[in-house]
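start.pdb follows; it contains PDB, C-alpha atoms.
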ATOM      1  CA  MET U   1     137.370 -91.992 217.466
ATOM      2  CA  VAL U   2     138.191 -89.213 219.932
ATOM      3  CA  SER U   3     136.389 -89.442 223.222
ATOM      4  CA  ILE U   4     134.119 -86.670 224.441
ATOM      5  CA  HIS U   5     136.453 -85.929 227.313
ATOM      6  CA  THR U   6     139.402 -85.524 224.925
ATOM      7  CA  ARG U   7     137.414 -83.203 222.633
ATOM      8  CA  GLN U   8     136.403 -81.058 225.592
ATOM      9  CA  LEU U   9     140.022 -80.876 226.737
ATOM     10  CA  LEU U  10     141.231 -79.876 223.250
ATOM     11  CA  SER U  11     138.521 -77.238 222.838
ATOM     12  CA  GLY U  12     139.530 -75.721 226.169
ATOM     13  CA  LEU U  13     143.151 -75.472 225.016
ATOM     14  CA  VAL U  14     142.386 -73.610 221.765
ATOM     15  CA  LEU U  15     142.003 -70.147 223.306
ATOM     16  CA  PRO U  16     145.156 -70.330 225.530
ATOM     17  CA  VAL U  17     147.218 -71.606 222.599
ATOM     18  CA  MET U  18     145.963 -68.805 220.315
ATOM     19  CA  VAL U  19     146.695 -66.187 223.001
ATOM     20  CA  PHE U  20     150.162 -67.645 223.505
ATOM     21  CA  LEU U  21     150.879 -67.561 219.753
ATOM     22  CA  ALA U  22     149.636 -63.965 219.462
ATOM     23  CA  VAL U  23     151.781 -62.769 222.380
ATOM     24  CA  GLY U  24     154.758 -64.691 221.004
ATOM     25  CA  THR U  25     154.327 -63.094 217.581
ATOM     26  CA  VAL U  26     154.181 -59.585 219.092
ATOM     27  CA  LEU U  27     157.276 -60.220 221.223
ATOM     28  CA  ALA U  28     159.157 -61.676 218.241
ATOM     29  CA  GLY U  29     158.273 -58.616 216.185
ATOM     30  CA  GLN U  30     159.593 -56.328 218.928
ATOM     31  CA  ILE U  31     162.810 -58.314 219.417
ATOM     32  CA  TRP U  32     163.591 -58.876 215.731
ATOM     33  CA  SER U  33     161.933 -55.753 214.305
ATOM     34  CA  GLY U  34     164.254 -55.544 211.296
ATOM     35  CA  ARG U  35     163.538 -59.102 210.287
ATOM     36  CA  ALA U  36     159.799 -58.592 210.799
ATOM     37  CA  ILE U  37     159.846 -55.561 208.480
ATOM     38  CA  GLN U  38     161.724 -57.561 205.830
ATOM     39  CA  ILE U  39     159.158 -60.369 206.017
ATOM     40  CA  ARG U  40     156.212 -57.920 205.769
ATOM     41  CA  MET U  41     157.724 -56.056 202.834
ATOM     42  CA  ALA U  42     158.610 -59.321 201.043
ATOM     43  CA  ALA U  43     154.995 -60.473 201.402
ATOM     44  CA  ALA U  44     153.721 -57.083 200.218
ATOM     45  CA  GLN U  45     156.041 -57.244 197.201
ATOM     46  CA  LYS U  46     154.728 -60.678 196.234
ATOM     47  CA  ALA U  47     151.169 -59.411 196.537
ATOM     48  CA  GLY U  48     151.937 -56.259 194.536
ATOM     49  CA  ALA U  49     151.637 -58.072 191.198
ATOM     50  CA  ILE U  50     148.222 -59.436 192.188
ATOM     51  CA  TYR U  51     147.030 -55.951 193.205
ATOM     52  CA  GLN U  52     148.201 -54.561 189.860
ATOM     53  CA  VAL U  53     146.200 -57.188 187.951
ATOM     54  CA  LEU U  54     143.093 -56.546 190.056
ATOM     55  CA  LEU U  55     143.348 -52.778 189.570
ATOM     56  CA  PHE U  56     143.954 -52.955 185.802
ATOM     57  CA  PRO U  57     140.232 -53.281 184.814
ATOM     58  CA  GLN U  58     139.338 -50.373 187.094
ATOM     59  CA  ARG U  59     142.002 -48.115 185.595
ATOM     60  CA  GLN U  60     141.095 -49.197 182.057
ATOM     61  CA  PHE U  61     137.418 -48.495 182.666
ATOM     62  CA  HIS U  62     138.325 -45.105 184.142
ATOM     63  CA  GLU U  63     140.313 -44.242 181.002
ATOM     64  CA  TRP U  64     137.426 -45.283 178.756
ATOM     65  CA  GLN U  65     135.004 -43.232 180.819
ATOM     66  CA  ILE U  66     137.187 -40.134 180.512
ATOM     67  CA  THR U  67     137.506 -40.689 176.745
ATOM     68  CA  LEU U  68     133.738 -40.992 176.254
ATOM     69  CA  GLN U  69     133.043 -37.913 178.369
ATOM     70  CA  GLY U  70     135.437 -35.856 176.270
ATOM     71  CA  VAL U  71     134.005 -36.786 172.853
ATOM     72  CA  GLY U  72     131.159 -34.266 173.088
ATOM     73  CA  ASP U  73     133.529 -31.412 173.965
ATOM     74  CA  LEU U  74     136.153 -31.932 171.262
ATOM     75  CA  LEU U  75     135.132 -28.923 169.131
ATOM     76  CA  ALA U  76     135.073 -26.485 172.042
ATOM     77  CA  ALA U  77     138.318 -27.899 173.411
ATOM     78  CA  ASN U  78     139.948 -27.575 169.976
ATOM     79  CA  ALA U  79     139.026 -23.882 169.741
ATOM     80  CA  GLN U  80     140.283 -23.279 173.259
ATOM     81  CA  LEU U  81     143.545 -25.050 172.477
ATOM     82  CA  ARG U  82     144.062 -22.821 169.445
ATOM     83  CA  GLN U  83     143.732 -19.735 171.629
ATOM     84  CA  GLU U  84     146.042 -21.180 174.254
ATOM     85  CA  ASN U  85     148.535 -22.119 171.566
ATOM     86  CA  GLN U  86     148.682 -18.509 170.421
ATOM     87  CA  LYS U  87     149.246 -17.346 174.000
ATOM     88  CA  LEU U  88     151.900 -20.000 174.543
ATOM     89  CA  ALA U  89     153.701 -18.957 171.375
ATOM     90  CA  TYR U  90     153.867 -15.407 172.726
ATOM     91  CA  TRP U  91     155.085 -16.467 176.177
ATOM     92  CA  HIS U  92     157.536 -18.926 174.620
ATOM     93  CA  GLY U  93     159.257 -16.020 172.950
ATOM     94  CA  GLU U  94     159.276 -14.082 176.215
ATOM     95  CA  ALA U  95     160.694 -17.102 178.048
ATOM     96  CA  GLN U  96     163.481 -17.501 175.498
ATOM     97  CA  THR U  97     164.415 -13.850 175.952
ATOM     98  CA  LEU U  98     164.429 -14.166 179.744
ATOM     99  CA  ARG U  99     166.433 -17.384 179.549
ATOM    100  CA  GLN U 100     169.135 -15.732 177.499
ATOM    101  CA  GLU U 101     169.198 -12.765 179.870
ATOM    102  CA  ASN U 102     169.387 -15.119 182.874
ATOM    103  CA  ALA U 103     172.308 -16.987 181.295
ATOM    104  CA  ARG U 104     174.184 -13.714 180.720
ATOM    105  CA  LEU U 105     173.600 -12.593 184.313
ATOM    106  CA  LYS U 106     174.764 -15.948 185.701
ATOM    107  CA  ALA U 107     177.887 -15.720 183.599
ATOM    108  CA  VAL U 108     178.621 -12.255 185.014
ATOM    109  CA  LEU U 109     178.002 -13.419 188.599
ATOM    110  CA  HIS U 110     179.894 -16.719 188.078
ATOM    111  CA  TRP U 111     176.821 -18.591 189.295
ATOM    112  CA  GLY U 112     177.432 -22.267 190.106
ATOM    113  CA  ALA U 113     175.583 -25.123 188.521
ATOM    114  CA  GLU U 114     172.246 -25.852 190.134
ATOM    115  CA  ASP U 115     171.764 -29.216 191.831
ATOM    116  CA  THR U 116     169.004 -31.344 190.371
ATOM    117  CA  ARG U 117     167.375 -34.380 191.915
ATOM    118  CA  ASP U 118     165.266 -37.148 190.472
ATOM    119  CA  TYR U 119     162.066 -38.480 191.918
ATOM    120  CA  VAL U 120     160.320 -41.823 191.866
ATOM    121  CA  SER U 121     156.679 -42.191 190.852
ATOM    122  CA  GLY U 122     154.522 -45.096 191.913
ATOM    123  CA  TRP U 123     150.935 -46.278 191.596
ATOM    124  CA  VAL U 124     148.949 -46.930 194.734
ATOM    125  CA  VAL U 125     148.385 -50.700 194.738
ATOM    126  CA  ARG U 126     146.771 -50.942 198.176
ATOM    127  CA  ASP U 127     145.006 -48.526 200.489
ATOM    128  CA  GLU U 128     145.657 -49.576 204.077
ATOM    129  CA  SER U 129     143.415 -46.977 205.685
ATOM    130  CA  GLY U 130     141.504 -48.276 208.687
ATOM    131  CA  PRO U 131     140.644 -47.449 212.293
ATOM    132  CA  TYR U 132     144.273 -47.812 213.459
ATOM    133  CA  LEU U 133     146.402 -47.200 210.351
ATOM    134  CA  ARG U 134     146.229 -44.752 207.474
ATOM    135  CA  ALA U 135     148.820 -45.643 204.850
ATOM    136  CA  VAL U 136     149.193 -46.655 201.206
ATOM    137  CA  LEU U 137     151.436 -49.176 199.474
ATOM    138  CA  LEU U 138     153.209 -47.993 196.318
ATOM    139  CA  GLN U 139     154.653 -50.096 193.487
ATOM    140  CA  VAL U 140     157.790 -48.123 192.468
ATOM    141  CA  GLY U 141     160.084 -50.727 190.894
ATOM    142  CA  GLU U 142     163.836 -50.204 191.204
ATOM    143  CA  HIS U 143     164.521 -47.204 193.436
ATOM    144  CA  ARG U 144     166.843 -45.556 195.961
ATOM    145  CA  VAL U 145     164.136 -44.209 198.242
ATOM    146  CA  GLN U 146     165.028 -43.956 201.915
ATOM    147  CA  GLN U 147     162.845 -44.141 204.983
ATOM    148  CA  GLY U 148     161.487 -40.690 205.874
ATOM    149  CA  SER U 149     161.377 -39.346 202.296
ATOM    150  CA  LEU U 150     158.442 -37.093 201.466
ATOM    151  CA  ALA U 151     155.610 -38.265 199.208
ATOM    152  CA  VAL U 152     153.431 -35.811 197.243
ATOM    153  CA  ASP U 153     150.672 -35.938 194.665
ATOM    154  CA  SER U 154     149.888 -33.248 192.086
ATOM    155  CA  PHE U 155     148.649 -30.834 194.752
ATOM    156  CA  GLY U 156     150.571 -31.247 197.998
ATOM    157  CA  LEU U 157     152.092 -33.395 200.723
ATOM    158  CA  VAL U 158     150.736 -36.916 201.103
ATOM    159  CA  GLY U 159     152.980 -38.288 203.848
ATOM    160  CA  ARG U 160     156.375 -39.821 204.569
ATOM    161  CA  VAL U 161     157.881 -43.185 203.680
ATOM    162  CA  SER U 162     157.639 -45.483 206.709
ATOM    163  CA  GLU U 163     158.927 -48.782 205.278
ATOM    164  CA  VAL U 164     161.050 -49.579 202.217
ATOM    165  CA  GLY U 165     161.208 -52.792 200.213
ATOM    166  CA  PRO U 166     163.086 -53.762 197.016
ATOM    167  CA  HIS U 167     160.210 -52.756 194.721
ATOM    168  CA  VAL U 168     157.465 -51.429 197.011
ATOM    169  CA  VAL U 169     157.330 -48.754 199.699
ATOM    170  CA  ARG U 170     154.773 -47.944 202.357
ATOM    171  CA  VAL U 171     153.785 -44.281 202.855
ATOM    172  CA  LEU U 172     152.312 -43.184 206.177
ATOM    173  CA  LEU U 173     149.696 -40.518 205.423
ATOM    174  CA  ILE U 174     149.766 -37.146 207.198
ATOM    175  CA  GLU U 175     146.399 -37.926 208.800
ATOM    176  CA  ASP U 176     147.679 -41.046 210.602
ATOM    177  CA  ALA U 177     147.981 -40.783 214.395
ATOM    178  CA  ALA U 178     151.710 -41.585 214.175
ATOM    179  CA  SER U 179     152.425 -38.761 211.697
ATOM    180  CA  ARG U 180     154.486 -35.784 212.924
ATOM    181  CA  ILE U 181     155.420 -33.141 210.330
ATOM    182  CA  PRO U 182     157.141 -29.820 211.235
ATOM    183  CA  VAL U 183     155.521 -27.016 209.229
ATOM    184  CA  THR U 184     155.827 -23.280 208.677
ATOM    185  CA  LEU U 185     152.902 -20.835 208.613
ATOM    186  CA  GLN U 186     153.521 -18.635 205.599
ATOM    187  CA  SER U 187     151.452 -15.581 206.569
ATOM    188  CA  SER U 188     152.299 -15.306 210.285
ATOM    189  CA  GLY U 189     155.810 -16.691 209.803
ATOM    190  CA  GLY U 190     155.597 -19.040 212.799
ATOM    191  CA  ASP U 191     156.496 -22.707 213.103
ATOM    192  CA  ALA U 192     154.277 -25.507 214.328
ATOM    193  CA  MET U 193     153.896 -29.267 214.387
ATOM    194  CA  MET U 194     151.213 -30.955 212.289
ATOM    195  CA  ILE U 195     149.992 -34.063 214.119
ATOM    196  CA  GLY U 196     147.646 -36.637 212.629
ATOM    197  CA  ASP U 197     144.750 -38.029 214.652
ATOM    198  CA  ASN U 198     143.169 -40.513 212.191
ATOM    199  CA  THR U 199     140.747 -37.854 210.933
ATOM    200  CA  PRO U 200     140.808 -36.041 207.565
ATOM    201  CA  TYR U 201     142.080 -32.859 209.265
ATOM    202  CA  PRO U 202     145.431 -33.106 211.125
ATOM    203  CA  ARG U 203     145.875 -30.850 214.159
ATOM    204  CA  LEU U 204     148.294 -27.924 214.555
ATOM    205  CA  MET U 205     150.166 -27.951 217.843
ATOM    206  CA  TYR U 206     153.268 -26.505 219.530
ATOM    207  CA  TYR U 207     153.072 -23.125 217.808
ATOM    208  CA  ASN U 208     154.185 -19.808 219.291
ATOM    209  CA  GLN U 209     151.278 -18.229 221.160
ATOM    210  CA  SER U 210     152.438 -14.790 219.984
ATOM    211  CA  LEU U 211     152.186 -15.994 216.344
ATOM    212  CA  MET U 212     148.788 -17.666 216.312
ATOM    213  CA  PRO U 213     147.857 -19.429 213.052
ATOM    214  CA  GLU U 214     145.558 -17.322 210.907
ATOM    215  CA  GLU U 215     142.374 -18.675 209.388
ATOM    216  CA  GLY U 216     143.035 -19.663 205.773
ATOM    217  CA  GLU U 217     146.794 -19.124 205.726
ATOM    218  CA  HIS U 218     148.917 -21.513 203.723
ATOM    219  CA  ILE U 219     151.176 -24.104 205.385
ATOM    220  CA  VAL U 220     154.375 -25.622 203.988
ATOM    221  CA  THR U 221     156.887 -28.097 205.359
ATOM    222  CA  ARG U 222     159.737 -26.676 207.449
ATOM    223  CA  GLY U 223     163.198 -27.406 206.101
ATOM    224  CA  GLN U 224     165.440 -29.313 208.506
ATOM    225  CA  THR U 225     167.918 -32.167 208.425
ATOM    226  CA  GLY U 226     166.511 -34.942 206.270
ATOM    227  CA  LEU U 227     163.276 -33.082 205.455
ATOM    228  CA  THR U 228     162.474 -31.006 202.406
ATOM    229  CA  GLY U 229     161.252 -27.463 203.102
ATOM    230  CA  GLY U 230     158.667 -25.493 201.163
ATOM    231  CA  VAL U 231     156.392 -28.379 200.122
ATOM    232  CA  ALA U 232     152.718 -27.425 200.088
ATOM    233  CA  VAL U 233     150.726 -28.997 202.927
ATOM    234  CA  GLY U 234     147.355 -27.233 203.216
ATOM    235  CA  ARG U 235     145.370 -24.399 204.791
ATOM    236  CA  VAL U 236     144.580 -23.470 208.393
ATOM    237  CA  HIS U 237     141.009 -23.785 209.621
ATOM    238  CA  TYR U 238     139.586 -23.402 213.137
ATOM    239  CA  LEU U 239     137.139 -26.130 214.120
ATOM    240  CA  ALA U 240     136.608 -24.242 217.379
ATOM    241  CA  PRO U 241     138.316 -21.366 219.201
ATOM    242  CA  GLY U 242     141.902 -22.394 219.901
ATOM    243  CA  GLN U 243     141.642 -25.617 217.849
ATOM    244  CA  PRO U 244     143.408 -25.053 214.504
ATOM    245  CA  VAL U 245     143.541 -27.921 212.026
ATOM    246  CA  VAL U 246     144.916 -28.349 208.522
ATOM    247  CA  ILE U 247     142.809 -28.844 205.405
ATOM    248  CA  PRO U 248     145.257 -30.857 203.239
ATOM    249  CA  ASP U 249     145.954 -29.820 199.664
ATOM    250  CA  ALA U 250     146.566 -33.436 198.652
ATOM    251  CA  ALA U 251     143.675 -35.619 197.521
ATOM    252  CA  LEU U 252     144.172 -38.164 200.307
ATOM    253  CA  GLY U 253     140.801 -39.795 199.693
ATOM    254  CA  LYS U 254     141.557 -40.827 196.091
ATOM    255  CA  LEU U 255     145.297 -41.268 195.687
ATOM    256  CA  GLU U 256     146.478 -42.909 192.485
ATOM    257  CA  LEU U 257     149.908 -41.685 191.354
ATOM    258  CA  VAL U 258     152.344 -40.491 194.051
ATOM    259  CA  ARG U 259     155.835 -39.014 193.751
ATOM    260  CA  ILE U 260     158.570 -39.670 196.323
ATOM    261  CA  PHE U 261     161.587 -37.399 196.766
ATOM    262  CA  ASP U 262     164.706 -37.389 198.855
ATOM    263  CA  GLY U 263     165.055 -34.618 201.457
ATOM    264  CA  GLY U 264     167.293 -31.575 201.386
ATOM    265  CA  PHE U 265     166.043 -29.658 198.340
ATOM    266  CA  ILE U 266     163.115 -27.603 197.106
ATOM    267  CA  LEU U 267     160.639 -29.284 194.782
ATOM    268  CA  GLU U 268     159.497 -27.684 191.579
ATOM    269  CA  ALA U 269     155.844 -26.694 191.346
ATOM    270  CA  PRO U 270     153.617 -29.300 189.667
ATOM    271  CA  PRO U 271     152.509 -28.543 186.102
ATOM    272  CA  SER U 272     148.846 -28.182 187.041
ATOM    273  CA  ALA U 273     147.457 -25.098 188.758
ATOM    274  CA  GLY U 274     146.569 -25.248 192.451
ATOM    275  CA  ARG U 275     143.036 -26.006 193.494
ATOM    276  CA  VAL U 276     140.721 -24.730 196.199
ATOM    277  CA  ARG U 277     139.896 -27.125 199.042
ATOM    278  CA  GLU U 278     136.586 -26.699 200.830
ATOM    279  CA  LYS U 279     136.589 -26.024 204.551
ATOM    280  CA  PRO U 280     134.868 -28.625 206.726
ATOM    281  CA  PRO U 281     131.374 -27.353 207.597
ATOM    282  CA  LEU U 282     131.729 -27.850 211.342
ATOM    283  CA  LEU U 283     131.900 -24.563 213.268
ATOM    284  CA  PRO U 284     132.165 -20.859 212.283
ATOM    285  CA  ASP U 285     135.595 -19.393 211.606
ATOM    286  CA  HIS U 286     136.623 -17.471 214.701
ATOM    287  CA  ARG U 287     138.962 -17.542 217.662
ATOM    288  CA  ASP U 288     138.831 -16.257 221.225
ATOM    289  CA  GLY U 289     138.158 -12.544 221.361
ATOM    290  CA  GLU U 290     137.628 -12.160 217.605
ATOM    291  CA  ALA U 291     134.536 -11.767 215.484
ATOM    292  CA  PRO U 292     133.882 -14.300 212.719
ATOM    293  CA  SER U 293     136.088 -13.585 209.720
ATOM    294  CA  ASN U 294     133.216 -13.985 207.184
ATOM    295  CA  TRP U 295     134.820 -13.446 203.767
ATOM    296  CA  GLN U 296     137.835 -11.335 204.788
ATOM    297  CA  ASN U 297     140.186 -14.208 204.062
ATOM    298  CA  LEU U 298     138.559 -15.216 200.771
ATOM    299  CA  ARG U 299     141.549 -13.969 198.821
ATOM    300  CA  ARG U 300     143.697 -16.573 200.534
ATOM    301  CA  PHE U 301     141.689 -19.386 198.952
ATOM    302  CA  LEU U 302     142.349 -18.237 195.389
ATOM    303  CA  PRO U 303     144.420 -20.629 193.213
ATOM    304  CA  PHE U 304     147.953 -20.763 194.477
ATOM    305  CA  SER U 305     151.273 -22.348 193.602
ATOM    306  CA  SER U 306     151.701 -25.603 195.451
ATOM    307  CA  LEU U 307     155.271 -24.872 196.465
ATOM    308  CA  ARG U 308     157.169 -21.772 197.498
ATOM    309  CA  ASN U 309     160.599 -20.781 196.247
ATOM    310  CA  GLY U 310     163.267 -21.372 198.909
TER     311      GLY U 310
END

Step by step, read the file and then write its structure as structure tokens.
Amino acid sequence: MVSIHTRQLLSGLVLPVMVFLAVGTVLAGQIWSGRAIQIRMAAAQKAGAIYQVLLFPQRQFHEWQITLQGVGDLLAANAQLRQENQKLAYWHGEAQTLRQENARLKAVLHWGAEDTRDYVSGWVVRDESGPYLRAVLLQVGEHRVQQGSLAVDSFGLVGRVSEVGPHVVRVLLIEDAASRIPVTLQSSGGDAMMIGDNTPYPRLMYYNQSLMPEEGEHIVTRGQTGLTGGVAVGRVHYLAPGQPVVIPDAALGKLELVRIFDGGFILEAPPSAGRVREKPPLLPDHRDGEAPSNWQNLRRFLPFSSLRNG
């Protein structure tokens, strides 16, 4: 039997011991950061198989739901596919002609072989979004992904790889407060820095005051050492005069399949057409000294290619 005095003494030591252990853990992580990352990624890799099993019923149910929803539209879809098949047959012939012409022109110009790069695709096995961190964990299997590589979905930039393990990688989303992505404004031609602030709409900062971002203009990543240029990011929107933010093209709220590329090359456009993202209904679209734009920039929100050439 433990005396009352001993129990009171032990209960008083619990909080100091816990504080000491917490401070020791933080200091150990700072001193041996590489080892701490290895331990975290090893634990995440072990848990990846469990996450896959837990997500399998959800994915299977989602597939069944899509199948059932499409049964009633099979006849209409079949007729539409016949029409599209006729159009594709026509454009296939045109593409073959242009391909032969392109080959002849390259032969005349002695054009060098184009460099091609592979990418790694991975399923999101854990969403780590919270008040202090916005990231996802991807199960990618064997890979050669490096820290800092860009991650995209079918529509645009998702984020950059922050930690790499043998079979899993962690992607820091563009909306995280630690995210810093250099971007280019396609219409005005200026450069800026897209900075996350743990909200759905990252901020635009450090842009040239003589090349102010325009409402609705498209933003792509700026090519530099170790970073791919020309990857679709989103559209400019003003929450208030002088406060431009980015409406991301990527579906950050429901990520499933993500592609990861190495830097230093231009990505090909995804097979699906671009989509229109809605502007946040916060404040009217205007800046200092300008009247509200109304629908003058509507044409900029028409479907667009997710990536630019060069």

**OP:** Expand the PyMOL selection byres ((chain U and resi 136) around 7) into the individual residues it matches in the shown file, reporting them as JSON, numbers by chain.
**Re:** {"U": [124, 126, 127, 128, 135, 137, 138, 170, 171, 172]}

**OP:** Mind checking which residues fall within 6 Å of U:Gly234, counting only C-alpha atoms, ignoring those fewer than 3 positions away in the same chain, and posting them as a list of chain:residue names?
**Re:** U:His218, U:Ile219, U:Val246, U:Ile247, U:Pro248, U:Asp249

**OP:** Name all residues at most 9 Å from U:Glu256 (count all atoms listed in the file; drop same-chain ones fewer than 6 positions away) and give them as a VMD selection string.
**Re:** chain U and resid 122 to 125 153

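From atom CA of U:Leu157 back to atom CA of U:Ile66, the distance works out to 26.0 Å.
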
Subject >> Contact residues around stretch 207-215 of chain U with all atoms listed in the file at 8 Å, ignoring same-chain residues under 2 positions, as a ChimeraX atom specification >> reply: /U:185,187-193,204-205,217,235-238,244,285-286,297

Quick test: take stretch 159-181 of chain U, keep C-alpha atoms, and write it as a CSV table (one decimal), in the first residue's frame.
chain,number,residue,atom,x,y,z
U,159,GLY,CA,2.0,21.7,-53.3
U,160,ARG,CA,5.6,20.6,-52.8
U,161,VAL,CA,7.2,17.5,-51.3
U,162,SER,CA,8.4,18.3,-47.8
U,163,GLU,CA,9.5,14.9,-46.6
U,164,VAL,CA,10.5,11.7,-48.4
U,165,GLY,CA,10.3,8.1,-47.2
U,166,PRO,CA,11.1,4.8,-48.9
U,167,HIS,CA,7.5,4.3,-50.0
U,168,VAL,CA,5.6,7.3,-48.8
U,169,VAL,CA,6.0,11.1,-49.2
U,170,ARG,CA,4.5,14.0,-47.5
U,171,VAL,CA,3.2,17.0,-49.6
U,172,LEU,CA,2.9,20.4,-48.0
U,173,LEU,CA,-0.1,22.1,-49.6
U,174,ILE,CA,0.1,25.5,-51.1
U,175,GLU,CA,-2.3,26.9,-48.5
U,176,ASP,CA,-0.1,25.9,-45.6
U,177,ALA,CA,1.5,28.8,-43.7
U,178,ALA,CA,5.0,27.5,-44.5
U,179,SER,CA,4.4,27.3,-48.2
U,180,ARG,CA,6.3,29.8,-50.5
U,181,ILE,CA,5.9,29.4,-54.2
